[in-house]
Structure formats: structure tokens, C-alpha cells
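Heads up, start00.txt below (compact mmCIF, C-alpha atoms):
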# COMPACT_ATOMS: atom_id res chain seq x y z
CA MET A 1 145.79 87.08 172.34
CA THR A 2 145.87 83.68 170.75
CA ARG A 3 144.03 82.77 167.58
CA THR A 4 141.59 80.70 169.65
CA HIS A 5 140.67 83.74 171.75
CA ILE A 6 140.18 85.90 168.65
CA ALA A 7 138.07 83.23 166.93
CA THR A 8 135.93 82.83 170.07
CA LEU A 9 135.36 86.59 170.31
CA MET A 10 134.38 86.75 166.63
CA VAL A 11 131.86 83.93 167.05
CA LEU A 12 130.36 85.67 170.09
CA ALA A 13 130.27 88.99 168.26
CA ALA A 14 128.32 87.35 165.42
CA ALA A 15 126.05 85.26 167.66
CA ILE A 16 124.81 88.01 169.97
CA PRO A 17 123.23 90.19 167.24
CA ALA A 18 121.79 87.09 165.55
CA ALA A 19 120.18 85.94 168.80
CA THR A 20 118.66 89.33 169.56
CA ALA A 21 117.56 90.13 165.98
CA GLY A 22 114.34 88.16 166.41
CA SER A 23 113.17 90.41 169.22
CA PHE A 24 113.82 93.57 167.20
CA PHE A 25 112.39 92.43 163.87
CA THR A 26 109.50 90.20 164.95
CA PRO A 27 106.14 91.90 164.36
CA SER A 28 104.10 92.51 167.51
CA ASP A 29 100.84 91.30 165.94
CA LYS A 30 100.08 87.85 164.70
CA PRO A 31 99.29 87.57 161.01
CA CYS A 32 95.77 88.10 159.82
CA VAL A 33 93.37 85.58 158.24
CA ILE A 34 90.60 86.73 155.93
CA ALA A 35 87.20 85.04 155.74
CA GLY A 36 84.47 86.66 153.69
CA ALA A 37 84.82 90.42 153.93
CA ALA A 38 86.33 90.38 157.44
CA GLY A 39 89.82 89.76 158.72
CA TYR A 40 90.55 87.90 161.94
CA ARG A 41 93.64 88.33 164.13
CA ILE A 42 94.71 86.65 167.38
CA SER A 43 95.30 89.34 169.99
CA ASP A 44 96.34 89.66 173.62
CA SER A 45 93.97 92.57 174.16
CA THR A 46 91.36 92.20 176.88
CA SER A 47 89.01 94.27 174.71
CA ALA A 48 89.07 91.77 171.83
CA ASP A 49 85.94 91.21 169.73
CA PHE A 50 85.93 87.50 170.68
CA THR A 51 87.20 85.66 173.74
CA VAL A 52 87.72 81.95 173.13
CA ARG A 53 88.51 79.35 175.78
CA ILE A 54 89.95 75.99 174.76
CA ASP A 55 88.72 73.46 177.34
CA ASN A 56 88.70 69.77 176.48
CA THR A 57 86.97 68.97 179.77
CA ALA A 58 84.03 71.36 179.29
CA ALA A 59 80.72 69.54 179.69
CA GLN A 60 78.94 71.63 177.03
CA PRO A 61 81.42 73.42 174.75
CA ASP A 62 80.02 75.68 172.05
CA LEU A 63 82.12 73.83 169.48
CA ARG A 64 83.78 70.44 169.38
CA MET A 65 86.70 70.26 166.97
CA GLN A 66 88.78 67.34 165.81
CA LEU A 67 92.37 67.82 164.65
CA VAL A 68 92.89 65.81 161.47
CA ASP A 69 95.94 64.96 159.39
CA ASP A 70 94.14 65.09 156.02
CA SER A 71 93.27 68.54 154.69
CA ALA A 72 90.67 67.07 152.32
CA ALA A 73 88.68 65.76 155.29
CA ALA A 74 88.71 69.09 157.15
CA ASP A 75 85.99 71.71 157.48
CA PHE A 76 88.64 74.36 158.18
CA VAL A 77 92.15 74.31 156.73
CA LEU A 78 94.88 76.69 157.89
CA VAL A 79 98.15 76.36 156.00
CA ASP A 80 100.80 79.05 155.77
CA ASP A 81 104.52 79.46 155.59
CA GLY A 82 104.69 82.38 158.00
CA ASP A 83 104.32 85.00 155.26
CA ALA A 84 100.74 86.14 155.96
CA ASP A 85 101.42 89.58 157.46
CA ASN A 86 99.44 91.51 154.85
CA ALA A 87 96.67 88.95 154.28
CA CYS A 88 93.97 91.33 155.54
CA THR A 89 94.75 94.16 153.18
CA GLY A 90 91.41 95.17 151.74
CA ALA A 91 89.29 93.60 154.51
CA THR A 92 86.36 95.81 155.49
CA ALA A 93 86.87 95.00 159.18
CA ILE A 94 89.48 93.24 161.28
CA LYS A 95 88.11 91.38 164.28
CA SER A 96 90.37 90.54 167.20
CA ILE A 97 90.32 87.21 169.01
CA ARG A 98 91.71 86.66 172.48
CA LEU A 99 92.56 83.10 173.40
CA ASP A 100 92.11 82.77 177.17
CA ARG A 101 92.35 79.28 178.63
CA SER A 102 91.17 80.44 182.05
CA ALA A 103 88.31 82.78 181.08
CA LEU A 104 85.26 82.12 183.22
CA HIS A 105 82.92 83.99 180.88
CA ALA A 106 84.39 83.33 177.44
CA GLY A 107 82.24 84.18 174.45
CA LEU A 108 83.00 80.74 173.01
CA THR A 109 84.24 77.55 174.61
CA VAL A 110 85.92 75.04 172.33
CA SER A 111 86.86 71.40 172.85
CA LEU A 112 89.85 70.51 170.66
CA SER A 113 91.18 66.96 170.38
CA ARG A 114 91.87 64.10 168.01
CA ALA A 115 88.58 62.42 168.98
CA PRO A 116 85.70 62.53 166.46
CA ALA A 117 83.85 65.85 166.70
CA ASP A 118 81.34 68.11 164.98
CA TYR A 119 83.99 69.97 162.97
CA LYS A 120 87.36 68.90 161.64
CA ILE A 121 90.34 71.26 161.35
CA TYR A 122 93.68 70.81 159.66
CA VAL A 123 96.56 73.05 160.72
CA ARG A 124 100.05 73.33 159.24
CA SER A 125 101.23 76.80 160.08
CA ALA A 126 104.41 78.64 160.90
CA SER A 127 102.37 81.48 162.42
CA PHE A 128 99.44 79.89 164.24
CA SER A 129 99.23 77.12 166.83
CA GLN A 130 96.47 74.52 166.72
CA GLN A 131 94.72 76.43 169.50
CA ASP A 132 95.02 79.68 167.51
CA ALA A 133 93.46 77.95 164.50
CA ALA A 134 90.61 76.60 166.65
CA ALA A 135 89.98 80.12 168.01
CA LEU A 136 90.02 81.56 164.47
CA PHE A 137 87.52 78.95 163.29
CA ALA A 138 85.31 79.56 166.33
CA ALA A 139 85.20 83.32 165.68
CA ILE A 140 84.45 82.80 161.97
CA TRP A 141 81.76 80.23 162.90
CA GLN A 142 80.20 82.63 165.43
CA THR A 143 80.19 85.49 162.92
CA ALA A 144 78.52 83.27 160.33
CA ARG A 145 75.88 82.17 162.87
CA ASN A 146 75.12 85.80 163.63
CA THR A 147 74.55 86.51 159.93
CA VAL A 148 72.18 83.58 159.28
CA GLY A 149 69.12 84.97 157.58
CA SER A 150 71.09 87.73 155.90
CA GLY A 151 71.89 85.49 152.95
CA ARG A 152 75.40 84.66 154.23
CA GLU A 153 74.98 81.30 155.87
CA PHE A 154 77.66 78.96 157.09
CA ALA A 155 77.33 75.26 156.45
CA ALA A 156 79.68 72.51 157.58
CA ARG A 157 80.63 69.86 155.10
CA ASP A 158 79.05 66.45 155.55
Could I get this structure in the form of C-alpha cells?
Amino acid sequence: MTRTHIATLMVLAAAIPAATAGSFFTPSDKPCVIAGAAGYRISDSTSADFTVRIDNTAAQPDLRMQLVDDSAAADFVLVDDGDADNACTGATAIKSIRLDRSALHAGLTVSLSRAPADYKIYVRSASFSQQDAAALFAAIWQTARNTVGSGREFAARD
């Protein structure tokens, strides 16, 4: 064998484990976000606590959200560096959220765009997409609406 063949085999031997390592070491669950006493996690489960549909063409969405580039202007800010695996340690309950773009009977329908909207969200995350962040906010918003009158009210910033 020539040196070129040996070098090529060594590169392949190093590249194959590196390429497959992500599938072995990547956690199966998305990280958890805590809000109040509850944790919220995006899930693929059909028995999730919340089903959220992102539909920018919905005539009457439950929530209209605007993606903004300034965290100070946002009602909901989600920033992480991908190291949020244990964020829900100590949460009294962890609620699951299924993001389903084709759900006919979603619990919440969200319109998400850059156009002015009722709520503004800022997302810079290694773990969550903008749609994930919108679904998280929608679930937190819905939970807060359900607790109005119990002394735990949710108010958007003006």
C-alpha cells in the first residue's frame, strides 16, 4: 500500500465514528424550558398536553406573534447555547407540547411572521427553532390564561 492509501484509510477511519457519534450521543428529548413552577418540553408524542399548529394563513389564530431582532422589544425571549438539558430540574410538572403543522383540531393555532402582531418573540437558540419557541410561548400563554383569577395572571408588555 502506498502512503496515500494509508492516509486515506486513516481519514475514513476517523471520519466514520465522528459522523455517527451524533446519533449515539444526541439526547432523544428536546431541552426543557421552565416558566413559573412548570416545565415545558417540545415532544413528538400524540398524547402531548398541548398541540400547537403554526399557520400564517389562519383567518382567526389564537395568537399572532411577530419575530423581532431586538430582545428588549420582545414579550418572550428564548436564548440558549444548547446546554439546557437539565433546566427543568425542580419543576413541579413538565408539560409536553406537540408542534403539528397539519393538525385539524389543534389546541392552539399560532400565526408567526415578521409582520406586527399582538406578541413579539425573540429567538436565538441552538436547541429550539422559531416555531418551537412560538409553540412554547403559546403553551405558557394558554396555561397562564387558565390560571387567571387564581392570582397568577399573565400580562403582555405594552
Point (88.7, 90.1, 154.2), cut-off 7 Å, counting only C-alpha atoms, residues as a ChimeraX atom specification: /A:34-39,88,90-92
Contact residues around segment 76-82 of chain A with all atoms listed in the file at 6 Å, ignoring same-chain residues under 2 positions, as a PyMOL selection string: chain A and resi 74+84+121-127
Nearest-residue call for Ser45 of chain A, choices A:Leu63, A:Ala87, A:Ile97, A:Ala144, using all atoms listed in the file: A:Ile97
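In this comparison, which uses only C-alpha atoms, the residue of A:Asp62, A:Leu99, A:His105, A:Ile94 approaching Arg145 of chain A most closely is A:Asp62.
Nearest-residue note for Gln66 of chain A: choosing from A:Gln131, A:Thr89, A:Thr46, A:Thr51, the minimum distance belongs to A:Gln131, counting only C-alpha atoms.
Nearest to Leu67 of chain A of all the residues A:Arg41, A:Pro31, A:Asp118, A:Trp141 is A:Asp118, counting only C-alpha atoms.
With all atoms listed in the file as the atoms that count, the minimum distance from Gly107 of chain A to the choices A:Arg64, A:Ala138, A:Ile42, A:Asn56 is reached by A:Ala138.
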Skip Ala134 of chain A itself and residues of its chain fewer than 5 positions away, then list as a PDB file with C-alpha atoms, in the coordinates of the input all residues within 9 Å of it, counting only C-alpha atoms.
ATOM      1  CA  VAL A  52      87.720  81.950 173.130  1.00  0.00           C
ATOM      2  CA  ILE A  54      89.950  75.990 174.760  1.00  0.00           C
ATOM      3  CA  MET A  65      86.700  70.260 166.970  1.00  0.00           C
ATOM      4  CA  PHE A  76      88.640  74.360 158.180  1.00  0.00           C
ATOM      5  CA  VAL A 110      85.920  75.040 172.330  1.00  0.00           C
ATOM      6  CA  SER A 111      86.860  71.400 172.850  1.00  0.00           C
ATOM      7  CA  LEU A 112      89.850  70.510 170.660  1.00  0.00           C
ATOM      8  CA  ILE A 121      90.340  71.260 161.350  1.00  0.00           C
ATOM      9  CA  SER A 129      99.230  77.120 166.830  1.00  0.00           C
ATOM     10  CA  ALA A 139      85.200  83.320 165.680  1.00  0.00           C
TER      11      ALA A 139
END
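From atom CA of Tyr119 of chain A back to atom CA of Ala103 of chain A, the distance works out to 22.6 Å.
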Two-atom distance - atom CA of Arg98 of chain A, atom CA of Ser43 of chain A (Å): 5.1 Å
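Computed from the coordinates, the atom CA of Lys95 of chain A to atom CA of Ala72 of chain A distance equals 27.2 Å.
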